file coords.pdb (PDB, C-alpha atoms)
ATOM      1  CA  MET L  28      -4.871  10.402  -1.494
ATOM      2  CA  ASN L  29      -5.688   6.747  -2.111
ATOM      3  CA  ILE L  30      -6.192   4.866   1.140
ATOM      4  CA  VAL L  31      -6.122   1.092   0.833
ATOM      5  CA  VAL L  32      -8.058  -0.570   3.637
ATOM      6  CA  TYR L  33      -7.461  -4.198   4.497
ATOM      7  CA  CYS L  34     -10.191  -5.629   6.710
ATOM      8  CA  SER L  35     -12.585  -8.448   7.438
ATOM      9  CA  SER L  36     -15.399  -9.470   5.137
ATOM     10  CA  ARG L  37     -17.206 -11.169   8.021
ATOM     11  CA  ASP L  38     -20.446  -9.732   9.378
ATOM     12  CA  SER L  39     -20.529 -11.350  12.820
ATOM     13  CA  ILE L  40     -17.698  -9.469  14.524
ATOM     14  CA  ALA L  41     -17.424  -7.156  17.522
ATOM     15  CA  THR L  42     -19.118  -3.758  17.454
ATOM     16  CA  LEU L  43     -15.803  -2.045  18.237
ATOM     17  CA  TYR L  44     -14.369  -3.149  14.897
ATOM     18  CA  LYS L  45     -17.497  -1.985  13.051
ATOM     19  CA  GLU L  46     -17.262   1.420  14.747
ATOM     20  CA  THR L  47     -13.627   1.693  13.692
ATOM     21  CA  ALA L  48     -14.533   0.928  10.067
ATOM     22  CA  THR L  49     -17.277   3.565  10.221
ATOM     23  CA  GLY L  50     -14.939   6.174  11.715
ATOM     24  CA  LEU L  51     -12.245   5.513   9.131
ATOM     25  CA  GLY L  52     -14.765   5.766   6.291
ATOM     26  CA  GLN L  53     -16.008   9.063   7.710
ATOM     27  CA  TRP L  54     -12.454  10.443   7.665
ATOM     28  CA  ILE L  55     -11.807   9.190   4.116
ATOM     29  CA  GLY L  56     -15.004  10.751   2.786
ATOM     30  CA  ALA L  57     -14.782  14.018   4.723
ATOM     31  CA  ASN L  58     -11.201  14.560   3.549
ATOM     32  CA  GLY L  59     -11.858  13.934  -0.134
ATOM     33  CA  ALA L  60      -9.732  10.806  -0.175
ATOM     34  CA  THR L  61     -10.398   7.653  -2.176
ATOM     35  CA  LEU L  62     -11.010   4.294  -0.533
ATOM     36  CA  VAL L  63      -9.355   1.364  -2.289
ATOM     37  CA  TYR L  64     -10.487  -1.941  -0.807
ATOM     38  CA  GLY L  65     -11.534  -5.504  -1.535
ATOM     39  CA  GLY L  66     -14.837  -4.351  -3.027
ATOM     40  CA  ILE L  67     -17.083  -6.920  -1.378
ATOM     41  CA  ASN L  68     -20.578  -6.197  -0.005
ATOM     42  CA  CYS L  69     -20.166  -7.668   3.466
ATOM     43  CA  GLY L  70     -18.421  -7.218   6.789
ATOM     44  CA  LEU L  71     -16.096  -4.343   7.487
ATOM     45  CA  MET L  72     -15.575  -3.913   3.745
ATOM     46  CA  ARG L  73     -19.208  -2.862   3.302
ATOM     47  CA  ILE L  74     -19.152  -0.697   6.428
ATOM     48  CA  VAL L  75     -16.064   1.295   5.439
ATOM     49  CA  ALA L  76     -17.388   1.716   1.879
ATOM     50  CA  ASP L  77     -20.833   2.864   3.080
ATOM     51  CA  SER L  78     -19.276   5.335   5.479
ATOM     52  CA  THR L  79     -16.834   6.657   2.891
ATOM     53  CA  ARG L  80     -19.572   7.261   0.337
ATOM     54  CA  LEU L  81     -22.029   8.757   2.864
ATOM     55  CA  ASN L  82     -19.345  11.301   3.722
ATOM     56  CA  GLY L  83     -18.579  12.325   0.140
ATOM     57  CA  GLY L  84     -15.706   9.989  -0.677
ATOM     58  CA  LYS L  85     -15.080   7.669  -3.579
ATOM     59  CA  ALA L  86     -14.896   3.858  -3.275
ATOM     60  CA  VAL L  87     -12.768   1.772  -5.629
ATOM     61  CA  GLY L  88     -13.267  -1.962  -5.208
ATOM     62  CA  VAL L  89     -10.685  -4.454  -6.402
ATOM     63  CA  VAL L  90     -12.704  -7.631  -6.785
ATOM     64  CA  PRO L  91     -11.507 -11.093  -7.792
ATOM     65  CA  VAL L  92     -13.507 -12.391 -10.770
ATOM     66  CA  GLU L  93     -14.711 -15.342  -8.649
ATOM     67  CA  LYS L  94     -16.301 -12.909  -6.149
ATOM     68  CA  LYS L  95     -17.936 -10.572  -8.693
ATOM     69  CA  ALA L  96     -21.400 -11.696  -7.535
ATOM     70  CA  ASN L  97     -20.580 -10.359  -4.039
ATOM     71  CA  GLU L  98     -19.402  -6.961  -5.289
ATOM     72  CA  TYR L  99     -20.469  -3.870  -3.341
ATOM     73  CA  PRO L 100     -23.137  -2.358  -5.622
ATOM     74  CA  PHE L 101     -22.172   1.275  -4.970
ATOM     75  CA  ASN L 102     -18.495   1.189  -5.884
ATOM     76  CA  ASP L 103     -17.583   4.249  -7.911
ATOM     77  CA  GLU L 104     -15.201   1.999  -9.782
ATOM     78  CA  THR L 105     -14.654  -1.739  -9.784
ATOM     79  CA  ILE L 106     -11.373  -3.219 -10.924
ATOM     80  CA  LEU L 107     -11.524  -6.930 -11.619
ATOM     81  CA  ALA L 108      -8.627  -9.084 -10.499
ATOM     82  CA  VAL L 109      -7.778 -12.555 -11.746
ATOM     83  CA  ASP L 110      -7.238 -13.906  -8.224
ATOM     84  CA  LEU L 111      -6.194 -12.829  -4.725
ATOM     85  CA  ASN L 112      -2.553 -12.299  -5.688
ATOM     86  CA  ASP L 113      -3.591 -10.070  -8.575
ATOM     87  CA  ARG L 114      -5.934  -8.197  -6.210
ATOM     88  CA  LYS L 115      -3.093  -7.508  -3.752
ATOM     89  CA  SER L 116      -0.798  -6.320  -6.553
ATOM     90  CA  LYS L 117      -3.412  -3.930  -7.907
ATOM     91  CA  MET L 118      -4.205  -2.552  -4.443
ATOM     92  CA  ILE L 119      -0.524  -2.038  -3.609
ATOM     93  CA  GLU L 120      -0.019  -0.244  -6.921
ATOM     94  CA  LEU L 121      -2.996   2.082  -6.305
ATOM     95  CA  GLY L 122      -2.341   2.864  -2.646
ATOM     96  CA  ASP L 123      -0.603   5.768  -0.978
ATOM     97  CA  VAL L 124      -1.444   4.723   2.568
ATOM     98  CA  PHE L 125      -2.431   1.239   3.730
ATOM     99  CA  VAL L 126      -4.687   0.954   6.774
ATOM    100  CA  VAL L 127      -5.053  -2.446   8.399
ATOM    101  CA  LEU L 128      -8.261  -2.962  10.369
ATOM    102  CA  ALA L 129      -9.511  -6.065  12.149
ATOM    103  CA  GLY L 130      -9.442  -9.128   9.965
ATOM    104  CA  GLY L 131      -8.377 -12.722   9.728
ATOM    105  CA  TYR L 132      -5.673 -14.523   7.810
ATOM    106  CA  GLY L 133      -6.572 -12.739   4.560
ATOM    107  CA  THR L 134      -5.962  -9.374   6.198
ATOM    108  CA  LEU L 135      -2.650 -10.601   7.608
ATOM    109  CA  ASP L 136      -1.699 -11.859   4.153
ATOM    110  CA  GLU L 137      -2.419  -8.403   2.704
ATOM    111  CA  LEU L 138      -0.427  -6.700   5.467
ATOM    112  CA  PHE L 139       2.609  -8.929   4.990
ATOM    113  CA  ALA L 140       2.450  -8.781   1.186
ATOM    114  CA  THR L 141       2.373  -4.974   1.343
ATOM    115  CA  PHE L 142       5.157  -4.782   3.935
ATOM    116  CA  ALA L 143       7.323  -7.187   1.916
ATOM    117  CA  PHE L 144       6.660  -5.403  -1.387
ATOM    118  CA  LEU L 145       7.378  -1.928  -0.031
ATOM    119  CA  SER L 146      10.487  -3.171   1.757
ATOM    120  CA  PHE L 147      11.735  -5.075  -1.290
ATOM    121  CA  THR L 148      11.224  -2.148  -3.665
ATOM    122  CA  GLY L 149      12.506   0.423  -1.193
ATOM    123  CA  ASP L 150       9.383   2.514  -1.773
ATOM    124  CA  GLU L 151       9.516   4.864   1.183
ATOM    125  CA  ALA L 152       6.728   7.103  -0.100
ATOM    126  CA  LYS L 153       3.989   4.725   1.066
ATOM    127  CA  THR L 154       2.906   4.190   4.665
ATOM    128  CA  ILE L 155       1.238   1.327   6.540
ATOM    129  CA  ILE L 156      -0.973   2.041   9.559
ATOM    130  CA  ILE L 157      -2.181  -0.818  11.731
ATOM    131  CA  VAL L 158      -5.228   0.014  13.854
ATOM    132  CA  ASN L 159      -4.594  -2.109  16.930
ATOM    133  CA  ASP L 160      -8.096  -1.999  18.438
ATOM    134  CA  ASN L 161      -8.402  -4.170  21.514
ATOM    135  CA  ASN L 162      -4.696  -5.111  21.078
ATOM    136  CA  LEU L 163      -5.687  -7.367  18.184
ATOM    137  CA  PHE L 164      -2.305  -7.089  16.447
ATOM    138  CA  ASP L 165      -0.048  -7.236  19.532
ATOM    139  CA  ALA L 166       1.143 -10.772  18.781
ATOM    140  CA  THR L 167       1.770  -9.935  15.109
ATOM    141  CA  LEU L 168       3.779  -6.842  16.004
ATOM    142  CA  GLN L 169       5.674  -8.778  18.659
ATOM    143  CA  GLN L 170       6.552 -11.488  16.111
ATOM    144  CA  LEU L 171       7.905  -8.887  13.700
ATOM    145  CA  THR L 172       9.993  -7.381  16.501
ATOM    146  CA  VAL L 173      11.386 -10.801  17.438
ATOM    147  CA  MET L 174      12.331 -11.427  13.807
ATOM    148  CA  ALA L 175      13.990  -8.015  13.501
ATOM    149  CA  ASP L 176      15.799  -8.529  16.824
ATOM    150  CA  ASN L 177      17.138 -11.819  15.458
ATOM    151  CA  HIS L 178      18.433  -9.982  12.374
ATOM    152  CA  LEU L 179      16.034 -11.833  10.064
ATOM    153  CA  PHE L 180      15.267  -8.477   8.497
ATOM    154  CA  ASP L 181      16.575  -4.962   8.952
ATOM    155  CA  SER L 182      14.883  -3.512  12.034
ATOM    156  CA  ARG L 183      14.784  -0.088  10.354
ATOM    157  CA  LEU L 184      12.026  -1.461   8.122
ATOM    158  CA  MET L 185       9.702  -1.427  11.132
ATOM    159  CA  SER L 186       9.549   2.360  10.762
ATOM    160  CA  ARG L 187       7.307   1.766   7.703
ATOM    161  CA  ILE L 188       4.564   0.560  10.057
ATOM    162  CA  LEU L 189       2.722   3.041  12.243
ATOM    163  CA  VAL L 190       0.537   1.629  14.998
ATOM    164  CA  ALA L 191      -2.656   3.372  16.076
ATOM    165  CA  GLN L 192      -4.457   2.221  19.209
ATOM    166  CA  SER L 193      -7.804   3.620  18.010
ATOM    167  CA  VAL L 194      -9.519   4.952  14.922
ATOM    168  CA  GLY L 195      -9.101   8.459  16.351
ATOM    169  CA  GLN L 196      -5.341   8.024  16.515
ATOM    170  CA  CYS L 197      -5.361   6.551  12.983
ATOM    171  CA  CYS L 198      -7.231   9.621  11.719
ATOM    172  CA  GLU L 199      -4.660  11.886  13.394
ATOM    173  CA  MET L 200      -1.922   9.981  11.576
ATOM    174  CA  LEU L 201      -3.824  10.395   8.300
ATOM    175  CA  ASP L 202      -4.154  14.132   9.011
ATOM    176  CA  ASN L 203      -0.372  14.295   9.348
ATOM    177  CA  LEU L 204       0.107  12.424   6.046
ATOM    178  CA  LYS L 205      -2.399  14.429   3.946
ATOM    179  CA  GLU L 206       0.057  17.013   2.649
ATOM    180  CA  LYS L 207       2.486  14.310   1.571
ATOM    181  CA  TYR L 208      -0.045  12.894  -0.906
ATOM    182  CA  GLN L 209      -1.733  16.025  -2.263
TER     183      GLN L 209
END
call {"tool": "encode", "arguments": {"input": "coords.pdb", "output": "structure tokens"}}
result
Amino acid sequence: MNIVVYCSSRDSIATLYKETATGLGQWIGANGATLVYGGINCGLMRIVADSTRLNGGKAVGVVPVEKKANEYPFNDETILAVDLNDRKSKMIELGDVFVVLAGGYGTLDELFATFAFLSFTGDEAKTIIIVNDNNLFDATLQQLTVMADNHLFDSRLMSRILVAQSVGQCCEMLDNLKEKYQ
């Protein structure tokens, strides 16, 4: 199972978010899954990659050419991307499950690009999980609900997004999805 993780590349963020990245990486590694992520050696990206590898998993970084100097040095595989749009396309193509951790506008961009792509293509085989630690994504989820309620998109598409309130709940969801991708 290829698990794409969208998350922050910033180092100076709350411990809770770092613990979530560590816990997710532990699950990925312990379950023989492959991490597909932004491939950068900082922030939550580094933490989830370290944790994945320390627990026996594989890390595939999709790195924009401009950021090659910041590449995580222990990626099992690095895929170079022309730019951020190319990076998103490659990650969406590789992923089975998409887990959204704490992040800024780049993480939101990845979430929305994935949601739009999967909805547009009708690909129901892939799943998005948002880890809503500390209610970080409440406003985002509320905005999507408002848009669906106003018939700006089919509300049934919201079923593509699972919301976990903790890394533990996210890992339970991943446990339930394992068979689907083996």
call {"tool": "residues_around", "arguments": {"input": "coords.pdb", "residues": "stretch 80-92 of chain L", "least_positions_apart": "6", "cutoff": "12 Å", "atoms": "all atoms listed in the file", "output": "PyMOL selection string"}}
result
chain L and resi 28-33+49-68+72-74+98-122
call {"tool": "write_last_selection", "arguments": {"input": "coords.pdb", "atoms": "C-alpha atoms", "output": "JSON list (two decimals), in the coordinates of the input"}}
result
[["chain", "number", "residue", "atom", "x", "y", "z"],
["L", 28, "MET", "CA", -4.87, 10.40, -1.49],
["L", 29, "ASN", "CA", -5.69, 6.75, -2.11],
["L", 30, "ILE", "CA", -6.19, 4.87, 1.14],
["L", 31, "VAL", "CA", -6.12, 1.09, 0.83],
["L", 32, "VAL", "CA", -8.06, -0.57, 3.64],
["L", 33, "TYR", "CA", -7.46, -4.20, 4.50],
["L", 49, "THR", "CA", -17.28, 3.56, 10.22],
["L", 50, "GLY", "CA", -14.94, 6.17, 11.72],
["L", 51, "LEU", "CA", -12.24, 5.51, 9.13],
["L", 52, "GLY", "CA", -14.76, 5.77, 6.29],
["L", 53, "GLN", "CA", -16.01, 9.06, 7.71],
["L", 54, "TRP", "CA", -12.45, 10.44, 7.66],
["L", 55, "ILE", "CA", -11.81, 9.19, 4.12],
["L", 56, "GLY", "CA", -15.00, 10.75, 2.79],
["L", 57, "ALA", "CA", -14.78, 14.02, 4.72],
["L", 58, "ASN", "CA", -11.20, 14.56, 3.55],
["L", 59, "GLY", "CA", -11.86, 13.93, -0.13],
["L", 60, "ALA", "CA", -9.73, 10.81, -0.18],
["L", 61, "THR", "CA", -10.40, 7.65, -2.18],
["L", 62, "LEU", "CA", -11.01, 4.29, -0.53],
["L", 63, "VAL", "CA", -9.36, 1.36, -2.29],
["L", 64, "TYR", "CA", -10.49, -1.94, -0.81],
["L", 65, "GLY", "CA", -11.53, -5.50, -1.54],
["L", 66, "GLY", "CA", -14.84, -4.35, -3.03],
["L", 67, "ILE", "CA", -17.08, -6.92, -1.38],
["L", 68, "ASN", "CA", -20.58, -6.20, 0.00],
["L", 72, "MET", "CA", -15.58, -3.91, 3.74],
["L", 73, "ARG", "CA", -19.21, -2.86, 3.30],
["L", 74, "ILE", "CA", -19.15, -0.70, 6.43],
["L", 98, "GLU", "CA", -19.40, -6.96, -5.29],
["L", 99, "TYR", "CA", -20.47, -3.87, -3.34],
["L", 100, "PRO", "CA", -23.14, -2.36, -5.62],
["L", 101, "PHE", "CA", -22.17, 1.27, -4.97],
["L", 102, "ASN", "CA", -18.50, 1.19, -5.88],
["L", 103, "ASP", "CA", -17.58, 4.25, -7.91],
["L", 104, "GLU", "CA", -15.20, 2.00, -9.78],
["L", 105, "THR", "CA", -14.65, -1.74, -9.78],
["L", 106, "ILE", "CA", -11.37, -3.22, -10.92],
["L", 107, "LEU", "CA", -11.52, -6.93, -11.62],
["L", 108, "ALA", "CA", -8.63, -9.08, -10.50],
["L", 109, "VAL", "CA", -7.78, -12.56, -11.75],
["L", 110, "ASP", "CA", -7.24, -13.91, -8.22],
["L", 111, "LEU", "CA", -6.19, -12.83, -4.72],
["L", 112, "ASN", "CA", -2.55, -12.30, -5.69],
["L", 113, "ASP", "CA", -3.59, -10.07, -8.57],
["L", 114, "ARG", "CA", -5.93, -8.20, -6.21],
["L", 115, "LYS", "CA", -3.09, -7.51, -3.75],
["L", 116, "SER", "CA", -0.80, -6.32, -6.55],
["L", 117, "LYS", "CA", -3.41, -3.93, -7.91],
["L", 118, "MET", "CA", -4.20, -2.55, -4.44],
["L", 119, "ILE", "CA", -0.52, -2.04, -3.61],
["L", 120, "GLU", "CA", -0.02, -0.24, -6.92],
["L", 121, "LEU", "CA", -3.00, 2.08, -6.30],
["L", 122, "GLY", "CA", -2.34, 2.86, -2.65]]
call {"tool": "residues_around", "arguments": {"input": "coords.pdb", "residues": "stretch 153-158 of chain L", "least_positions_apart": "5", "cutoff": "7 Å", "atoms": "all atoms listed in the file", "output": "short mmCIF file (atom, residue, chain, number, x, y, z; two decimals) with C-alpha atoms, in the frame of the given file"}}
result
data_model
loop_
_atom_site.label_atom_id
_atom_site.label_comp_id
_atom_site.auth_asym_id
_atom_site.auth_seq_id
_atom_site.Cartn_x
_atom_site.Cartn_y
_atom_site.Cartn_z
CA ASP L 123 -0.60 5.77 -0.98
CA VAL L 124 -1.44 4.72 2.57
CA PHE L 125 -2.43 1.24 3.73
CA VAL L 126 -4.69 0.95 6.77
CA VAL L 127 -5.05 -2.45 8.40
CA LEU L 128 -8.26 -2.96 10.37
CA ARG L 187 7.31 1.77 7.70
CA ILE L 188 4.56 0.56 10.06
CA LEU L 189 2.72 3.04 12.24
CA VAL L 190 0.54 1.63 15.00
CA ALA L 191 -2.66 3.37 16.08
CA GLN L 192 -4.46 2.22 19.21
CA SER L 193 -7.80 3.62 18.01
CA VAL L 194 -9.52 4.95 14.92
CA CYS L 197 -5.36 6.55 12.98
#
call {"tool": "closest_residue", "arguments": {"input": "coords.pdb", "among": "L:Gly70, L:Leu171, L:Thr79, L:Leu204", "to": "L:Thr42", "atoms": "all atoms listed in the file"}}
result
L:Gly70
call {"tool": "atom_distance", "arguments": {"input": "coords.pdb", "atom1": "atom CA of L:Ser39", "atom2": "atom CA of L:Val75"}}
result
15.3 Å
call {"tool": "atom_distance", "arguments": {"input": "coords.pdb", "atom1": "atom CA of L:Thr134", "atom2": "atom CA of L:Cys34"}}
result
5.7 Å
call {"tool": "axis_aligned_box", "arguments": {"input": "coords.pdb", "around": "stretch 104-116 of chain L", "padding_each_side": "8 Å", "output": "AutoDock Vina command-line options"}}
result
--center_x -8.0 --center_y -6.0 --center_z -7.7 --size_x 30.4 --size_y 31.9 --size_z 24.0
call {"tool": "resolve_selection", "arguments": {"input": "coords.pdb", "expression": "the PyMOL selection byres ((chain L and resi 133) around 10)", "output": "ChimeraX atom specification"}}
result
/L:33-36,111,130-132,134-139
call {"tool": "atom_distance", "arguments": {"input": "coords.pdb", "atom1": "atom CA of L:Lys207", "atom2": "atom CA of L:Ala152"}}
result
8.5 Å
